[in-house]
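Quick look at start_28.pdb (PDB, C-alpha atoms):
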MODEL        1
ATOM      1  CA  TRP A   1       0.000   0.000   0.000
ATOM      2  CA  ARG A   2       2.897   2.387   0.634
ATOM      3  CA  THR A   3       3.747   2.388  -3.057
ATOM      4  CA  LEU A   4       0.221   3.550  -3.913
ATOM      5  CA  GLU A   5       0.428   6.417  -1.420
ATOM      6  CA  ARG A   6       2.864   8.196  -3.757
ATOM      7  CA  LEU A   7      -0.006   9.199  -6.059
ATOM      8  CA  PRO A   8      -3.054   9.526  -3.799
ATOM      9  CA  LYS A   9      -5.221  11.154  -6.493
ATOM     10  CA  SER A  10      -4.638   8.354  -9.006
ATOM     11  CA  ARG A  11      -7.015   5.399  -9.400
ATOM     12  CA  LEU A  12      -4.782   3.060  -7.372
ATOM     13  CA  GLY A  13      -4.082   5.764  -4.803
ATOM     14  CA  LYS A  14      -7.823   6.248  -4.313
ATOM     15  CA  LEU A  15      -8.266   2.484  -4.098
ATOM     16  CA  ARG A  16      -5.722   2.377  -1.299
ATOM     17  CA  TYR A  17      -7.938   4.743   0.723
ATOM     18  CA  ALA A  18     -11.339   3.272  -0.238
ATOM     19  CA  LYS A  19     -13.472   2.855   2.857
ATOM     20  CA  ASP A  20     -16.240   0.572   1.583
ATOM     21  CA  LEU A  21     -17.225  -1.790  -1.217
ATOM     22  CA  ASP A  22     -19.045   0.926  -3.167
ATOM     23  CA  GLU A  23     -15.859   2.972  -3.415
ATOM     24  CA  ILE A  24     -13.886  -0.107  -4.458
ATOM     25  CA  TYR A  25     -16.388  -1.014  -7.180
ATOM     26  CA  ASP A  26     -16.268   2.576  -8.483
ATOM     27  CA  LEU A  27     -12.501   2.258  -8.961
ATOM     28  CA  CYS A  28     -12.166  -1.206 -10.500
ATOM     29  CA  ASP A  29     -14.054  -3.379 -12.949
ATOM     30  CA  ASP A  30     -14.546  -6.235 -10.521
ATOM     31  CA  PHE A  31     -13.538  -7.213  -7.005
ATOM     32  CA  ASN A  32     -13.403 -10.635  -5.363
ATOM     33  CA  VAL A  33     -14.186 -10.079  -1.694
ATOM     34  CA  GLU A  34     -13.126 -13.576  -0.602
ATOM     35  CA  GLU A  35      -9.693 -13.304  -2.247
ATOM     36  CA  ASN A  36      -9.338  -9.522  -1.797
ATOM     37  CA  GLU A  37      -8.523  -9.465  -5.523
ATOM     38  CA  PHE A  38      -9.070  -6.508  -7.843
ATOM     39  CA  PHE A  39      -9.734  -6.765 -11.579
ATOM     40  CA  PHE A  40      -9.093  -3.998 -14.114
ATOM     41  CA  ASP A  41     -10.025  -4.519 -17.748
ATOM     42  CA  ARG A  42      -6.899  -2.805 -19.095
ATOM     43  CA  ASN A  43      -3.830  -3.725 -21.097
ATOM     44  CA  PRO A  44      -1.539  -5.772 -18.817
ATOM     45  CA  ARG A  45       1.546  -4.698 -20.792
ATOM     46  CA  SER A  46       0.956  -1.036 -20.005
ATOM     47  CA  PHE A  47       0.226  -1.832 -16.357
ATOM     48  CA  SER A  48       3.826  -2.890 -15.810
ATOM     49  CA  SER A  49       4.912   0.615 -16.849
ATOM     50  CA  ILE A  50       2.238   2.194 -14.669
ATOM     51  CA  ILE A  51       3.200   0.285 -11.520
ATOM     52  CA  ASN A  52       6.888   0.951 -12.187
ATOM     53  CA  PHE A  53       6.038   4.653 -12.313
ATOM     54  CA  TYR A  54       4.610   4.364  -8.798
ATOM     55  CA  ARG A  55       7.836   2.727  -7.680
ATOM     56  CA  SER A  56      10.396   4.922  -9.438
ATOM     57  CA  SER A  57       8.616   8.140 -10.535
ATOM     58  CA  LYS A  58       9.980   7.445 -14.028
ATOM     59  CA  LEU A  59       7.650   6.575 -16.870
ATOM     60  CA  HIS A  60       8.842   4.224 -19.599
ATOM     61  CA  LEU A  61       6.799   3.339 -22.642
ATOM     62  CA  VAL A  62       6.516  -0.351 -23.438
ATOM     63  CA  ASP A  63       8.117  -1.338 -26.751
ATOM     64  CA  ASP A  64       5.689  -1.904 -29.612
ATOM     65  CA  MET A  65       2.825  -0.205 -27.797
ATOM     66  CA  CYS A  66       0.684   2.443 -29.421
ATOM     67  CA  VAL A  67       1.370   5.801 -27.792
ATOM     68  CA  LEU A  68      -2.322   6.741 -27.957
ATOM     69  CA  SER A  69      -3.333   3.502 -26.223
ATOM     70  CA  PHE A  70      -0.718   4.087 -23.571
ATOM     71  CA  TYR A  71      -1.997   7.639 -23.082
ATOM     72  CA  ASP A  72      -5.550   6.280 -22.635
ATOM     73  CA  ASP A  73      -4.242   3.972 -19.928
ATOM     74  CA  LEU A  74      -2.469   6.869 -18.202
ATOM     75  CA  VAL A  75      -5.764   8.745 -18.148
ATOM     76  CA  TYR A  76      -7.613   5.670 -16.839
ATOM     77  CA  TRP A  77      -5.108   5.154 -14.029
ATOM     78  CA  GLY A  78      -5.112   8.874 -13.210
ATOM     79  CA  ILE A  79      -1.413   9.404 -13.833
ATOM     80  CA  PRO A  80      -0.861  13.143 -14.313
ATOM     81  CA  GLU A  81       0.918  14.530 -17.350
TER      82      GLU A  81
ENDMDL
END
Turn this file's structure into structure tokens for me.
Amino acid sequence: WRTLERLPKSRLGKLRYAKDLDEIYDLCDDFNVEENEFFFDRNPRSFSSIINFYRSSKLHLVDDMCVLSFYDDLVYWGIPE
């Protein structure tokens, strides 16, 4: 959770502070309560760059990924320009 605290206004940052199931369901596409598992219907290749940005504050584009698609994912995750 500490990693997500770096960007509290992003989707994952907000998820870190969600107080109830309604807030969780507003931030992800599905949630398994029993497994405490979140599901996001997004490109898994871009997610590796997104989570690395949380860790390092450096954003790297994945090879062979459309820049416009990657930008859409940045918007979805709430990563500021």
- prompt: Residues picked by the PyMOL selection byres ((chain A and resi 22-26) around 12) here, as a VMD selection string?
  reply: chain A and resid 11 to 21 27 to 33 36 to 40
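If you look at CA of Ser10 (chain A) and CA of Trp77 (chain A), they are 6.0 Å away from each other.
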To box region 1-9 of chain A, take all atoms listed in the file, fit an axis-aligned box, add 3 Å on each side, and give centre and edge lengths in Å to one decimal, as AutoDock Vina command-line options.
--center_x -0.7 --center_y 5.6 --center_z -2.9 --size_x 15.0 --size_y 17.2 --size_z 13.1
message: I'd like the interatomic distance between CA of Cys66 (chain A) and CA of Trp1 (chain A), to a tenth of an Å.
response: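 Atom-to-atom, CA of Cys66 (chain A) and CA of Trp1 (chain A) are spaced 29.5 Å apart.
Shortest atom-to-atom contact with Tyr71 (chain A) among A:Pro8, A:Ser49, A:Tyr54, A:Asp41: A:Ser49, counting only C-alpha atoms.
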message: Give me, as a PyMOL selection string, all polymer residues having an atom no more than 9 Å from Ile79 (chain A), counting all atoms listed in the file and skipping those fewer than 4 positions away in the same chain.
response: chain A and resi 7+9-11+50+53+73-75
